[in-house]
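Worksheet: the structure to be examined is printed underneath.
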Amino acid sequence: MLLHHYRFTPDTTLIDTEALKARLDRNTSPIGAVREVLTDIRSRLDERFKSGADIRDLVFGRAWCIDQLLALLWSRLDWHDDGIALIAVGGYGRGELHPYSDIDLMILLESDDDTPYRESLTAFITMLWDIGLDIGHSVRSLNDCEREARDDVTVITNLLETRCVAGSEPLLERMRERLNQMDTWRSETFFQAKLAEQRARHQRFNNSEHHLEPNIKSSPGGLRDIQTVTWIAKRHFGTNIIEVLMQQGFMTDADMRIASQSRAFLWQVRYALHMISERGEDRLLFDHQRAIATLFGYHDTPERLGVEEFMRRYYRVVTALVELNDMLIQNFEENILQNDQQPEVVPLNNRFELDGRYLRIRGPHVFKRRPSALIEMFVLLAQHPDIEGVRAATIRAIRDHRHLIDNGFRADLRNRSLFLELLRGGGMVARELGRMARYGILGKYLPRFGHIIGLMQHDLFHIYTVDAHTLRVLDVIHRFRTPEGREEYPLCAALVARVPKLELLWIAGLYHDIAKGRGGDHSQLGARDVQGFCHRHGVPRRDTHLVSWLIEHHLLMSTTAQKRDISDPEVIREFAAIVHDEVHLDYLYLLTVADINATNPTLWNSWRAALLRQLHGETRRVLRRGLENPLDRQEWIEETREEARALTQCMGGECQAVDALWETLGDDYFLQYSASEIVWHTQGILQAGVDVMPLILISAPTEDMTDGGTKVFIHTRSVNNLFAATAAAIDQLDLSIHDARIATSSNDWTLNTFILLDDDGHAIRDPARLKQIQAHLIEELDDPDDYPRIVKRHTSRQLKHFRVPTRVLIEQDEANQRTVLELIAADRPGLLAHVGQIFMSFDIALSGAKIATLGERVEDVFFITDTNGNPLTDPELQKALSDRLCHVLDAEAGIATPG
């Protein structure tokens with residue numbers, strides 16, 4: 001497709017063809033001279049790019065320069081007759097070349113016999129390789145082109161974009177005539193094939209244009225989407241001339257402007273990407289995002305990084321292209337596939353009707369005469385889940401009239417009532433809010449949402465833009481209500497069915513991150529924002545308070561589960577006091593699970609799920625008991641002992657031996673473990689006897705269990721380096737520790753439990769793998785003084801790109817007489833083993849650990865004491881420990897320590 005209102009004019013200052021020809025005539029080999037010219041062309045174009053030249057001149061200019069070189073080199077060989085031509089295909093066939101793009105060539109022959117040209121062809125292709133051109137080439141006769149095009153849509157697509165660079169121009173015209181006469185790839189068949197290609201390509205990117213490292217060519221909203229509609233248009237109309245496409249009603253002037261401006265921006269990004277990476281790179285990797293942002297003039301501010309601003313523009317551009325692509329594909333489907341069909345038209349009201357299974361307006365002036373229809377249509381779509389989509393003309397009308405959504409529109413009671421009706425509909429609310437966002441209506445109606453469109457955070461934790469994450473939260477909430485969700489999230493499915501007002505959850509999902517990027521605490525700012533929304537839309541005061549509370553505390557549950565010791569009754573009581581009642585607890589649990597799932601697919605694993613279920617269950621027990629009558633520490637211990645005793649008796653346990661063992665364990669042990677875990681430990685220890693050391697028990701959760709991870713229980717003599725040795729041994733197995741509970745009996749035996757997951761965040765269930773883990777740990781821990789080697793595993797490219805300076809926070813847990821150390825550091829293999837070594841060198845005893853990996857960083861919490869069981873209260877010791885952790889971990893991660 002030609003760029004809007006643009007005609008390329010060759011720039012003869014880029015290459016002096018006559019001078020080059022004269023130089024080649026004086027030399028036997030053209031290689032050196034042509035290489036110099038190519039280097040000069042690249043240098044000149046790069047300087048023009050840096051100076052802000054029109055990207056179209058650079059992209060087309062490079063292709064034109066290559067045309068001149070190839071034609072000149074072609075002319076130096078004897079081709080005997082006019083039965084051969086040098087044809088540009090693909091992107092080069094469109095006259096486009098970026099700095100390191102492949103130069104796709106086809107040698108077109110009139111005859112199937114290439115014998116007369118074989119020697120010259122070999123010399124020509126070899127010469128191009130020797131010069132250093134990145135070429136892709138094929139040799140085809142006219143018959144080959146016709147035969148291969150019949151069998152392969154990629155071939156016919158490639159041959160749609162051809163130019164004659166040298167040789168016989170009439171030969172190319174004959175090829176085009178043959179292709180045009182083919183009935184194999186009629187418009188309908190070609191459209192369906194290209195649509196299937198696009199859907200498969202989009203699926204590889206999870207049908208989302210919002211990725212941390214998008215592919216500017218192949219991701220949704222990328223250059224390939226523009227090319228796809230161009231190919232379809234060319235095959236259907238026989239041209240890609242702008243005027244013809246507009247006359248046919250396929251595109252409007254506004255469509256062309258969006259396509260032209262968006263493609264120009266993506267071309268700028270692609271040119272910079274090639275120039276910086278010095279290769280044909282189309283992935284916008286972290287390695288290059290900052291460099292391109294700086295090149296484009298984006299700078300860091302106190303509110304936002306320059307690279308985040310650059311990527312925000314990128315996401316907004318591709319979002320606009322996705323919308324345009326959707327509309328054009330829909331337009332094609334209506335005009336090509338359904339041209340001869342007359343689907344039943346069913347009026348829904350005076351403004352909308354069903355055209356088959358698609359919604360459309362009943363006249364071109366519906367939105368102008370009644371702007372509230374811009375909201376009403378989504379209410380209808382939510383109420384009719386069987387409607388497949390919206391007709392292309394209606395999508396275009398939405399785009400042309402969304403400017404009507406202004407302050408007066410937002411203040412209109414009809415529009416506020418319609419939006420609240422959508423939220424209260426109970427049908428496909430999430431789908432229609434997502435459609436509102438895609439068509440640009442949601443950001444207009446809720447300006448706060450408009451501010452977060454394309455907003456990203458430059459880290460590995462938040463892998464979607466804020467608006468995309470918000471819509472994913474709504475999708476997850478909807479999933480709770482589906483049959484699949486009932487299997488995947490059983491507790492959520494039960495809770496979402498009983499919350500009093502589902503619309504409050506939709507509102508909380510919409511607003512929970514809406515204040516990001518504005519500076520300050522986004523939870524508090526968002527809570528104030530949603531109060532304004534609720535007031536404008538007539539939400540009752542009690543409901544407004546609940547939604548505002550949810551947004552202000554939407555991180556509370558995940559933080560408590562992942563960073564606090566939820567086996568501590570005091571922690572549960574504090575959390576319950578904030579939550580106050582079961583209604584708040586249920587809403588918060590649902591929002592928390594949806595938020596984690598929608599932030600990063602790798603975050604939601606069986607262990608996090610188990611932590612949140614445990615926190616929800618324990619808190620509900622406290623709330624039902626009554627906040628004024630909390631379960632104290634000693635009652636908790638006694639209840640656990642009694643339940644465990646009942647289980648051991650049911651299993652035929654020897655009471656005297658059980659009591660003797662339990663007397664050595666201490667009260668904290670019965671806080672840390674559930675009754676079923678205590679029975680598991682007790683049976684294992686008593687059956688093995690004291691001669692088995694170390695005793696390694698492994699429990700893999702079955703499909704119907706909710707423990708969340710593979711449990712490894714270690715019972716052995718207490719030594720200072722046991723945690724460090726265990727962490728190193730587990731790291732050798734390519735497994736990750738997500739929780740550690742450390743207990744020591746009165747006779748100096750340890751009872752340590754680790755929760756393990758594999759690299760994909762799953763529990764290990766394979767019996768052979770479990771036996772391997774058990775054998776490895778026994779071998780490594782039978783003599784802890786023989787310290788396992790800390791493995792040096794590969795650190796991923798993405799982790800290497802981020803630098804997270806180590807931070808250590810130390811505070812006292814007075815209730816439990818221990819010190820809490822929070823470690824924030826760059827994630828890397830072997831981290832826990834290094835931490836364990838440092839604790840060992842300071843004679844620090846570990847009683848528990850919470851391990852949380854959040855993208856490129858870890859936020860781990862360790863519960864520690866000295867070897868006498870006392871908290872670390874000496875400020876000098878705290879500082880020395882903190883300094884050592886920072887120095888060692890930063891040095892190991894290649895981060896310079898300040899000062």
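Every chain in the structure tokens takes a letter, A first, then B, and so on in the order presented; its residues are numbered from 1, and the ligands are numbered from 1 following the presented order.
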Counting only C-alpha atoms, what is within 10 Å of A:Leu733, bar same-chain residues fewer than 5 positions away, as a PDB file with C-alpha atoms, in the first residue's frame?
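And here is the file that came out, selection.pdb:
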```
ATOM      1  CA  ALA A 728      22.735 -25.239  47.172  1.00  0.00           C
ATOM      2  CA  ASP A 758       9.993 -26.497  39.053  1.00  0.00           C
ATOM      3  CA  GLN A 772      15.910 -38.589  42.203  1.00  0.00           C
ATOM      4  CA  ILE A 773      15.364 -35.510  44.416  1.00  0.00           C
ATOM      5  CA  HIS A 776      20.324 -36.304  45.681  1.00  0.00           C
ATOM      6  CA  LEU A 777      19.469 -34.596  48.977  1.00  0.00           C
ATOM      7  CA  VAL A 791      26.130 -24.116  40.695  1.00  0.00           C
TER       8      VAL A 791
END
```
Identify, with DSSP run on backbone atoms, the residues in stretch 592-832 of chain A assigned to helix (DSSP H, G or I), and express the list as JSON, numbers by chain.
-> {"A": [592, 593, 594, 595, 596, 597, 598, 599, 606, 607, 608, 609, 610, 611, 612, 613, 614, 615, 616, 617, 618, 619, 620, 621, 622, 623, 624, 625, 633, 634, 635, 636, 637, 638, 639, 640, 641, 642, 643, 644, 645, 646, 647, 648, 649, 650, 655, 656, 657, 658, 659, 660, 661, 662, 663, 667, 668, 669, 670, 671, 672, 675, 676, 677, 678, 679, 680, 681, 682, 683, 684, 685, 686, 687, 688, 722, 723, 724, 725, 726, 727, 728, 729, 730, 731, 732, 767, 768, 769, 770, 771, 772, 773, 774, 775, 776, 777, 778, 779, 780, 781, 797, 798, 799, 800, 801, 814, 815, 816, 831, 832]}
Excluding A:Ser746 and any residue of its chain fewer than 2 positions from it, enumerate the residues within 9 Å of it, using only C-alpha atoms, and give them as a PyMOL selection string.
-> chain A and resi 663-666+744+748-749
Residues at most 12 Å from A:Glu779, counting only C-alpha atoms, excluding those fewer than 2 positions away in the same chain, as a list of chain:residue names?
->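 Those residues are A:Met693, A:Pro694, A:Leu695, A:Ile696, A:Ala725, A:Thr726, A:Ala729, A:Ile730, A:Gln772, A:Ile773, A:Gln774, A:Ala775, A:His776, A:Leu777, A:Leu781, A:Asp782, A:Asp783, A:Pro784, A:Asp786, A:Tyr787, A:Pro788.
Comparing the minimum interatomic distances between A:Thr162 and each of A:Met175, A:Ile84, A:Val346, A:Ile131, counting only C-alpha atoms, we find that A:Met175 sits nearest.
Within stretch 264-444 of chain A, DSSP applied to the backbone places the following residues in strand (DSSP E or B): A:Arg283, A:Val345, A:Val346, A:Pro347, A:Phe352, A:Glu353, A:Leu354, A:Asp355, A:Tyr358, A:Leu359, A:Arg360, A:Ile361, A:Gly389, A:Val390.
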Write the residues of the selection above to a file with all heavy atoms, as an mmCIF file, in the first residue's frame.
```
data_model
loop_
_atom_site.group_PDB
_atom_site.id
_atom_site.type_symbol
_atom_site.label_atom_id
_atom_site.label_comp_id
_atom_site.auth_asym_id
_atom_site.auth_seq_id
_atom_site.Cartn_x
_atom_site.Cartn_y
_atom_site.Cartn_z
ATOM 1 N N ARG A 283 12.570 -7.789 16.880
ATOM 2 C CA ARG A 283 12.087 -7.872 18.263
ATOM 3 C C ARG A 283 12.556 -6.649 19.030
ATOM 4 O O ARG A 283 13.741 -6.336 19.061
ATOM 5 C CB ARG A 283 12.599 -9.136 18.937
ATOM 6 C CG ARG A 283 12.123 -10.435 18.305
ATOM 7 C CD ARG A 283 12.897 -11.609 18.873
ATOM 8 N NE ARG A 283 14.322 -11.470 18.633
ATOM 9 C CZ ARG A 283 15.262 -12.169 19.269
ATOM 10 N NH1 ARG A 283 14.919 -13.036 20.192
ATOM 11 N NH2 ARG A 283 16.537 -11.990 18.980
ATOM 12 N N VAL A 345 -32.296 -9.813 9.015
ATOM 13 C CA VAL A 345 -32.134 -8.575 9.779
ATOM 14 C C VAL A 345 -33.237 -8.518 10.831
ATOM 15 O O VAL A 345 -34.429 -8.589 10.501
ATOM 16 C CB VAL A 345 -32.194 -7.335 8.864
ATOM 17 C CG1 VAL A 345 -32.123 -6.063 9.690
ATOM 18 C CG2 VAL A 345 -31.056 -7.378 7.844
ATOM 19 N N VAL A 346 -32.818 -8.384 12.106
ATOM 20 C CA VAL A 346 -33.771 -8.374 13.220
ATOM 21 C C VAL A 346 -33.593 -7.073 13.996
ATOM 22 O O VAL A 346 -32.530 -6.839 14.583
ATOM 23 C CB VAL A 346 -33.536 -9.573 14.163
ATOM 24 C CG1 VAL A 346 -34.511 -9.529 15.334
ATOM 25 C CG2 VAL A 346 -33.638 -10.884 13.407
ATOM 26 N N PRO A 347 -34.603 -6.190 14.005
ATOM 27 C CA PRO A 347 -34.494 -4.947 14.775
ATOM 28 C C PRO A 347 -34.432 -5.245 16.276
ATOM 29 O O PRO A 347 -35.175 -6.092 16.781
ATOM 30 C CB PRO A 347 -35.773 -4.188 14.416
ATOM 31 C CG PRO A 347 -36.286 -4.846 13.159
ATOM 32 C CD PRO A 347 -35.856 -6.276 13.247
ATOM 33 N N PHE A 352 -30.651 0.118 16.752
ATOM 34 C CA PHE A 352 -29.783 -1.016 16.435
ATOM 35 C C PHE A 352 -30.586 -2.196 15.906
ATOM 36 O O PHE A 352 -31.763 -2.384 16.254
ATOM 37 C CB PHE A 352 -28.991 -1.445 17.675
ATOM 38 C CG PHE A 352 -28.052 -0.396 18.180
ATOM 39 C CD1 PHE A 352 -28.421 0.448 19.221
ATOM 40 C CD2 PHE A 352 -26.793 -0.227 17.600
ATOM 41 C CE1 PHE A 352 -27.554 1.428 19.683
ATOM 42 C CE2 PHE A 352 -25.932 0.748 18.063
ATOM 43 C CZ PHE A 352 -26.300 1.578 19.101
ATOM 44 N N GLU A 353 -29.899 -2.996 15.098
ATOM 45 C CA GLU A 353 -30.499 -4.211 14.572
ATOM 46 C C GLU A 353 -29.427 -5.275 14.429
ATOM 47 O O GLU A 353 -28.217 -4.966 14.389
ATOM 48 C CB GLU A 353 -31.163 -3.940 13.224
ATOM 49 C CG GLU A 353 -30.206 -3.467 12.140
ATOM 50 C CD GLU A 353 -30.920 -2.977 10.894
ATOM 51 O OE1 GLU A 353 -32.153 -2.772 10.954
ATOM 52 O OE2 GLU A 353 -30.242 -2.782 9.855
ATOM 53 N N LEU A 354 -29.891 -6.508 14.353
ATOM 54 C CA LEU A 354 -28.984 -7.620 14.109
ATOM 55 C C LEU A 354 -28.975 -7.934 12.629
ATOM 56 O O LEU A 354 -30.028 -8.198 12.027
ATOM 57 C CB LEU A 354 -29.428 -8.863 14.896
ATOM 58 C CG LEU A 354 -29.010 -8.949 16.357
ATOM 59 C CD1 LEU A 354 -29.511 -10.261 16.960
ATOM 60 C CD2 LEU A 354 -27.512 -8.853 16.508
ATOM 61 N N ASP A 355 -27.778 -7.900 12.040
ATOM 62 C CA ASP A 355 -27.587 -8.282 10.651
ATOM 63 C C ASP A 355 -26.892 -9.631 10.671
ATOM 64 O O ASP A 355 -25.674 -9.723 10.743
ATOM 65 C CB ASP A 355 -26.741 -7.225 9.947
ATOM 66 C CG ASP A 355 -26.536 -7.545 8.469
ATOM 67 O OD1 ASP A 355 -27.207 -8.456 7.968
ATOM 68 O OD2 ASP A 355 -25.686 -6.899 7.836
ATOM 69 N N TYR A 358 -24.385 -10.128 13.666
ATOM 70 C CA TYR A 358 -23.590 -8.929 13.897
ATOM 71 C C TYR A 358 -24.499 -7.740 14.176
ATOM 72 O O TYR A 358 -25.575 -7.608 13.571
ATOM 73 C CB TYR A 358 -22.693 -8.634 12.688
ATOM 74 C CG TYR A 358 -21.535 -9.592 12.554
ATOM 75 C CD1 TYR A 358 -21.716 -10.833 11.932
ATOM 76 C CD2 TYR A 358 -20.285 -9.278 13.060
ATOM 77 C CE1 TYR A 358 -20.669 -11.729 11.814
ATOM 78 C CE2 TYR A 358 -19.229 -10.173 12.947
ATOM 79 C CZ TYR A 358 -19.426 -11.394 12.322
ATOM 80 O OH TYR A 358 -18.378 -12.278 12.212
ATOM 81 N N LEU A 359 -24.056 -6.874 15.071
ATOM 82 C CA LEU A 359 -24.815 -5.678 15.427
ATOM 83 C C LEU A 359 -24.468 -4.553 14.456
ATOM 84 O O LEU A 359 -23.301 -4.386 14.061
ATOM 85 C CB LEU A 359 -24.467 -5.249 16.855
ATOM 86 C CG LEU A 359 -25.299 -4.093 17.422
ATOM 87 C CD1 LEU A 359 -26.684 -4.593 17.788
ATOM 88 C CD2 LEU A 359 -24.604 -3.491 18.649
ATOM 89 N N ARG A 360 -25.482 -3.771 14.084
ATOM 90 C CA ARG A 360 -25.211 -2.591 13.274
ATOM 91 C C ARG A 360 -26.233 -1.509 13.595
ATOM 92 O O ARG A 360 -27.324 -1.787 14.104
ATOM 93 C CB ARG A 360 -25.242 -2.931 11.790
ATOM 94 C CG ARG A 360 -26.618 -3.160 11.200
ATOM 95 C CD ARG A 360 -26.531 -3.460 9.709
ATOM 96 N NE ARG A 360 -27.867 -3.604 9.129
ATOM 97 C CZ ARG A 360 -28.089 -4.061 7.891
ATOM 98 N NH1 ARG A 360 -27.058 -4.437 7.141
ATOM 99 N NH2 ARG A 360 -29.310 -4.150 7.414
ATOM 100 N N ILE A 361 -25.860 -0.282 13.305
ATOM 101 C CA ILE A 361 -26.782 0.835 13.504
ATOM 102 C C ILE A 361 -27.807 0.857 12.374
ATOM 103 O O ILE A 361 -27.540 0.384 11.263
ATOM 104 C CB ILE A 361 -26.021 2.172 13.581
ATOM 105 C CG1 ILE A 361 -25.049 2.319 12.404
ATOM 106 C CG2 ILE A 361 -25.307 2.310 14.903
ATOM 107 C CD1 ILE A 361 -24.297 3.634 12.388
ATOM 108 N N GLY A 389 -20.219 -9.963 16.802
ATOM 109 C CA GLY A 389 -19.406 -8.757 16.657
ATOM 110 C C GLY A 389 -20.217 -7.600 16.131
ATOM 111 O O GLY A 389 -21.443 -7.588 16.183
ATOM 112 N N VAL A 390 -19.484 -6.611 15.585
ATOM 113 C CA VAL A 390 -20.088 -5.375 15.107
ATOM 114 C C VAL A 390 -19.717 -5.203 13.644
ATOM 115 O O VAL A 390 -18.575 -5.459 13.242
ATOM 116 C CB VAL A 390 -19.575 -4.170 15.934
ATOM 117 C CG1 VAL A 390 -20.219 -2.885 15.461
ATOM 118 C CG2 VAL A 390 -19.843 -4.390 17.419
#
```
I want to know what sits within 12 Å of A:Asp874, based on only C-alpha atoms, with residues of the same chain fewer than 4 positions away left out; could you give that as a short mmCIF file (atom, residue, chain, number, x, y, z; two decimals) with N, CA and C atoms, in the first residue's frame?
```cif
data_model
loop_
_atom_site.label_atom_id
_atom_site.label_comp_id
_atom_site.auth_asym_id
_atom_site.auth_seq_id
_atom_site.Cartn_x
_atom_site.Cartn_y
_atom_site.Cartn_z
N ILE A 810 15.54 -4.46 57.93
CA ILE A 810 15.55 -5.28 59.15
C ILE A 810 14.62 -4.65 60.18
N GLU A 811 13.72 -5.48 60.74
CA GLU A 811 12.85 -5.01 61.82
C GLU A 811 12.63 -6.15 62.79
N GLN A 812 12.08 -5.82 63.95
CA GLN A 812 11.91 -6.82 65.00
C GLN A 812 10.48 -7.32 65.08
N THR A 819 13.92 -11.68 64.55
CA THR A 819 14.18 -10.55 63.66
C THR A 819 13.68 -10.93 62.26
N THR A 865 17.33 -15.46 64.04
CA THR A 865 17.78 -15.20 65.41
C THR A 865 19.27 -15.50 65.47
N ASP A 866 19.88 -15.24 66.62
CA ASP A 866 21.25 -15.71 66.80
C ASP A 866 21.20 -17.18 67.20
N ASN A 870 17.87 -15.70 70.14
CA ASN A 870 17.50 -14.33 70.46
C ASN A 870 17.49 -13.46 69.19
N GLN A 878 23.55 -5.64 62.78
CA GLN A 878 22.58 -5.48 61.71
C GLN A 878 23.21 -4.81 60.49
N LYS A 879 23.98 -3.76 60.74
CA LYS A 879 24.62 -3.05 59.63
C LYS A 879 25.65 -3.93 58.92
N ALA A 880 26.43 -4.66 59.71
CA ALA A 880 27.44 -5.53 59.10
C ALA A 880 26.78 -6.60 58.23
N LEU A 881 25.70 -7.19 58.75
CA LEU A 881 24.97 -8.20 57.98
C LEU A 881 24.39 -7.61 56.70
#
```
Of the listed residues A:Glu780, A:Asp691, A:Glu376, A:Asp543, that which approaches A:Asp731 most closely, counting only C-alpha atoms |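 Of A:Glu780, A:Asp691, A:Glu376, A:Asp543, the one nearest A:Asp731 is A:Glu780, counting only C-alpha atoms.
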Which residues come within 12 Å of A:Ala291, counting only C-alpha atoms, excluding same-chain residues fewer than 2 positions away, as a tab-separated table (two decimals) with N, CA, C and O atoms, in the first residue's frame?
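Output saved as part-v4.tsv:
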```
chain	number	residue	atom	x	y	z
A	269	VAL	N	10.97	3.04	14.16
A	269	VAL	CA	11.42	2.13	15.21
A	269	VAL	C	12.24	0.99	14.60
A	269	VAL	O	13.30	0.62	15.11
A	272	ALA	N	15.68	2.22	13.50
A	272	ALA	CA	16.56	2.40	14.66
A	272	ALA	C	16.99	1.05	15.23
A	272	ALA	O	18.14	0.87	15.64
A	273	LEU	N	16.08	0.10	15.25
A	273	LEU	CA	16.37	-1.22	15.78
A	273	LEU	C	17.46	-1.91	14.95
A	273	LEU	O	18.40	-2.50	15.50
A	274	HIS	N	17.34	-1.84	13.64
A	274	HIS	CA	18.37	-2.41	12.77
A	274	HIS	C	19.71	-1.70	12.96
A	274	HIS	O	20.76	-2.34	13.04
A	275	MET	N	19.65	-0.38	13.03
A	275	MET	CA	20.88	0.40	13.12
A	275	MET	C	21.62	0.12	14.43
A	275	MET	O	22.84	-0.05	14.45
A	276	ILE	N	20.87	0.03	15.53
A	276	ILE	CA	21.49	-0.17	16.84
A	276	ILE	C	21.98	-1.61	17.00
A	276	ILE	O	23.08	-1.85	17.51
A	277	SER	N	21.18	-2.58	16.56
A	277	SER	CA	21.56	-3.99	16.74
A	277	SER	C	22.52	-4.47	15.67
A	277	SER	O	23.13	-5.53	15.82
A	284	LEU	N	11.62	-5.98	19.65
A	284	LEU	CA	11.94	-4.77	20.41
A	284	LEU	C	12.37	-5.20	21.82
A	284	LEU	O	11.64	-5.07	22.80
A	285	LEU	N	13.60	-5.73	21.89
A	285	LEU	CA	14.10	-6.30	23.13
A	285	LEU	C	14.46	-5.21	24.13
A	285	LEU	O	14.72	-4.06	23.77
A	286	PHE	N	14.47	-5.61	25.41
A	286	PHE	CA	14.89	-4.67	26.45
A	286	PHE	C	16.25	-4.07	26.14
A	286	PHE	O	16.50	-2.90	26.44
A	287	ASP	N	17.12	-4.90	25.56
A	287	ASP	CA	18.48	-4.45	25.27
A	287	ASP	C	18.48	-3.19	24.42
A	287	ASP	O	19.41	-2.39	24.48
A	288	HIS	N	17.44	-3.01	23.60
A	288	HIS	CA	17.43	-1.91	22.64
A	288	HIS	C	16.41	-0.82	22.97
A	288	HIS	O	16.50	0.28	22.42
A	289	GLN	N	15.44	-1.11	23.83
A	289	GLN	CA	14.37	-0.14	24.08
A	289	GLN	C	14.91	1.18	24.65
A	289	GLN	O	14.52	2.27	24.20
A	293	ALA	N	14.76	4.82	22.82
A	293	ALA	CA	14.09	5.93	23.51
A	293	ALA	C	15.00	7.15	23.58
A	293	ALA	O	14.57	8.28	23.32
A	294	THR	N	16.27	6.93	23.91
A	294	THR	CA	17.22	8.04	23.96
A	294	THR	C	17.42	8.65	22.58
A	294	THR	O	17.44	9.88	22.42
A	295	LEU	N	17.54	7.80	21.57
A	295	LEU	CA	17.72	8.27	20.19
A	295	LEU	C	16.54	9.12	19.75
A	295	LEU	O	16.70	10.11	19.02
A	296	PHE	N	15.33	8.77	20.19
A	296	PHE	CA	14.12	9.49	19.81
A	296	PHE	C	13.86	10.70	20.71
A	296	PHE	O	12.84	11.38	20.53
A	297	GLY	N	14.75	10.95	21.67
A	297	GLY	CA	14.62	12.15	22.49
A	297	GLY	C	13.78	12.02	23.73
A	297	GLY	O	13.36	13.04	24.31
A	298	TYR	N	13.52	10.80	24.18
A	298	TYR	CA	12.76	10.62	25.43
A	298	TYR	C	13.72	10.64	26.61
A	298	TYR	O	14.77	10.01	26.57
A	299	HIS	N	13.34	11.36	27.67
A	299	HIS	CA	14.21	11.50	28.84
A	299	HIS	C	13.46	11.08	30.10
A	299	HIS	O	12.24	11.18	30.19
A	306	GLY	N	12.09	7.56	30.55
A	306	GLY	CA	11.97	7.88	29.14
A	306	GLY	C	11.58	6.68	28.31
A	306	GLY	O	10.79	6.78	27.37
A	307	VAL	N	12.13	5.51	28.65
A	307	VAL	CA	11.81	4.30	27.89
A	307	VAL	C	10.34	3.94	28.05
A	307	VAL	O	9.71	3.41	27.13
A	310	PHE	N	8.44	6.22	25.66
A	310	PHE	CA	8.60	5.73	24.28
A	310	PHE	C	7.72	4.51	24.04
A	310	PHE	O	7.00	4.45	23.03
A	311	MET	N	7.73	3.55	24.94
A	311	MET	CA	6.92	2.35	24.76
A	311	MET	C	5.43	2.67	24.85
A	311	MET	O	4.61	2.01	24.21
```
What are the nearest atom pairs, with distances in Å to one decimal, for all residues of stretch 600-625 of chain A that come at most 10 Å from stretch 560-565 of chain A, using only C-alpha atoms, set out by chain and rising residue number as JSON lines?
```
{"residue": "A:Trp607", "atom": "CA", "partner": "A:Gln562", "partner_atom": "CA", "distance": 9.9}
{"residue": "A:Arg608", "atom": "CA", "partner": "A:Gln562", "partner_atom": "CA", "distance": 7.6}
{"residue": "A:Ala609", "atom": "CA", "partner": "A:Ala561", "partner_atom": "CA", "distance": 9.8}
{"residue": "A:Ala610", "atom": "CA", "partner": "A:Ala561", "partner_atom": "CA", "distance": 9.5}
{"residue": "A:Leu611", "atom": "CA", "partner": "A:Ala561", "partner_atom": "CA", "distance": 5.7}
{"residue": "A:Leu612", "atom": "CA", "partner": "A:Ala561", "partner_atom": "CA", "distance": 6.0}
{"residue": "A:Arg613", "atom": "CA", "partner": "A:Ala561", "partner_atom": "CA", "distance": 9.3}
{"residue": "A:Gln614", "atom": "CA", "partner": "A:Ala561", "partner_atom": "CA", "distance": 8.5}
{"residue": "A:Leu615", "atom": "CA", "partner": "A:Ala561", "partner_atom": "CA", "distance": 6.5}
{"residue": "A:His616", "atom": "CA", "partner": "A:Ala561", "partner_atom": "CA", "distance": 9.5}
```
Export of prior selection with N, CA and C atoms as a compact mmCIF listing (two decimals), in the first residue's frame:
```txt
# COMPACT_ATOMS: atom_id res chain seq x y z
N TRP A 607 1.62 -22.81 44.64
CA TRP A 607 1.99 -22.40 45.98
C TRP A 607 1.34 -21.08 46.37
N ARG A 608 1.36 -20.10 45.46
CA ARG A 608 0.67 -18.84 45.77
C ARG A 608 -0.82 -19.09 45.99
N ALA A 609 -1.39 -19.96 45.17
CA ALA A 609 -2.80 -20.28 45.35
C ALA A 609 -3.05 -20.87 46.73
N ALA A 610 -2.16 -21.76 47.18
CA ALA A 610 -2.33 -22.38 48.50
C ALA A 610 -2.18 -21.35 49.62
N LEU A 611 -1.23 -20.43 49.49
CA LEU A 611 -1.06 -19.39 50.50
C LEU A 611 -2.31 -18.55 50.66
N LEU A 612 -2.88 -18.12 49.51
CA LEU A 612 -4.06 -17.27 49.58
C LEU A 612 -5.26 -18.03 50.12
N ARG A 613 -5.41 -19.29 49.75
CA ARG A 613 -6.50 -20.10 50.31
C ARG A 613 -6.35 -20.23 51.81
N GLN A 614 -5.10 -20.47 52.26
CA GLN A 614 -4.87 -20.60 53.70
C GLN A 614 -5.20 -19.31 54.43
N LEU A 615 -4.75 -18.18 53.86
CA LEU A 615 -5.02 -16.89 54.51
C LEU A 615 -6.52 -16.61 54.53
N HIS A 616 -7.22 -16.92 53.45
CA HIS A 616 -8.67 -16.71 53.42
C HIS A 616 -9.36 -17.59 54.46
```
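Closest approach to A:Gly519 from the set A:Asp57, A:Leu502, A:Gly93, A:Thr301 is made by A:Thr301, with distances taken over only C-alpha atoms.
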Find, counting only C-alpha atoms, the residue in A:Arg410, A:Arg818, A:His887, A:Arg44 that gets nearest to A:Thr867.
->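 Among the listed residues, A:Arg818 lies closest to A:Thr867.
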With a distance cut-off of 8 Å and only C-alpha atoms, select the neighbouring residues of A:Leu179, excluding the residue or stretch itself and same-chain residues fewer than 5 positions from it, and output the selection as an MDAnalysis selection string.
-> chainID A and resid 146 149 156
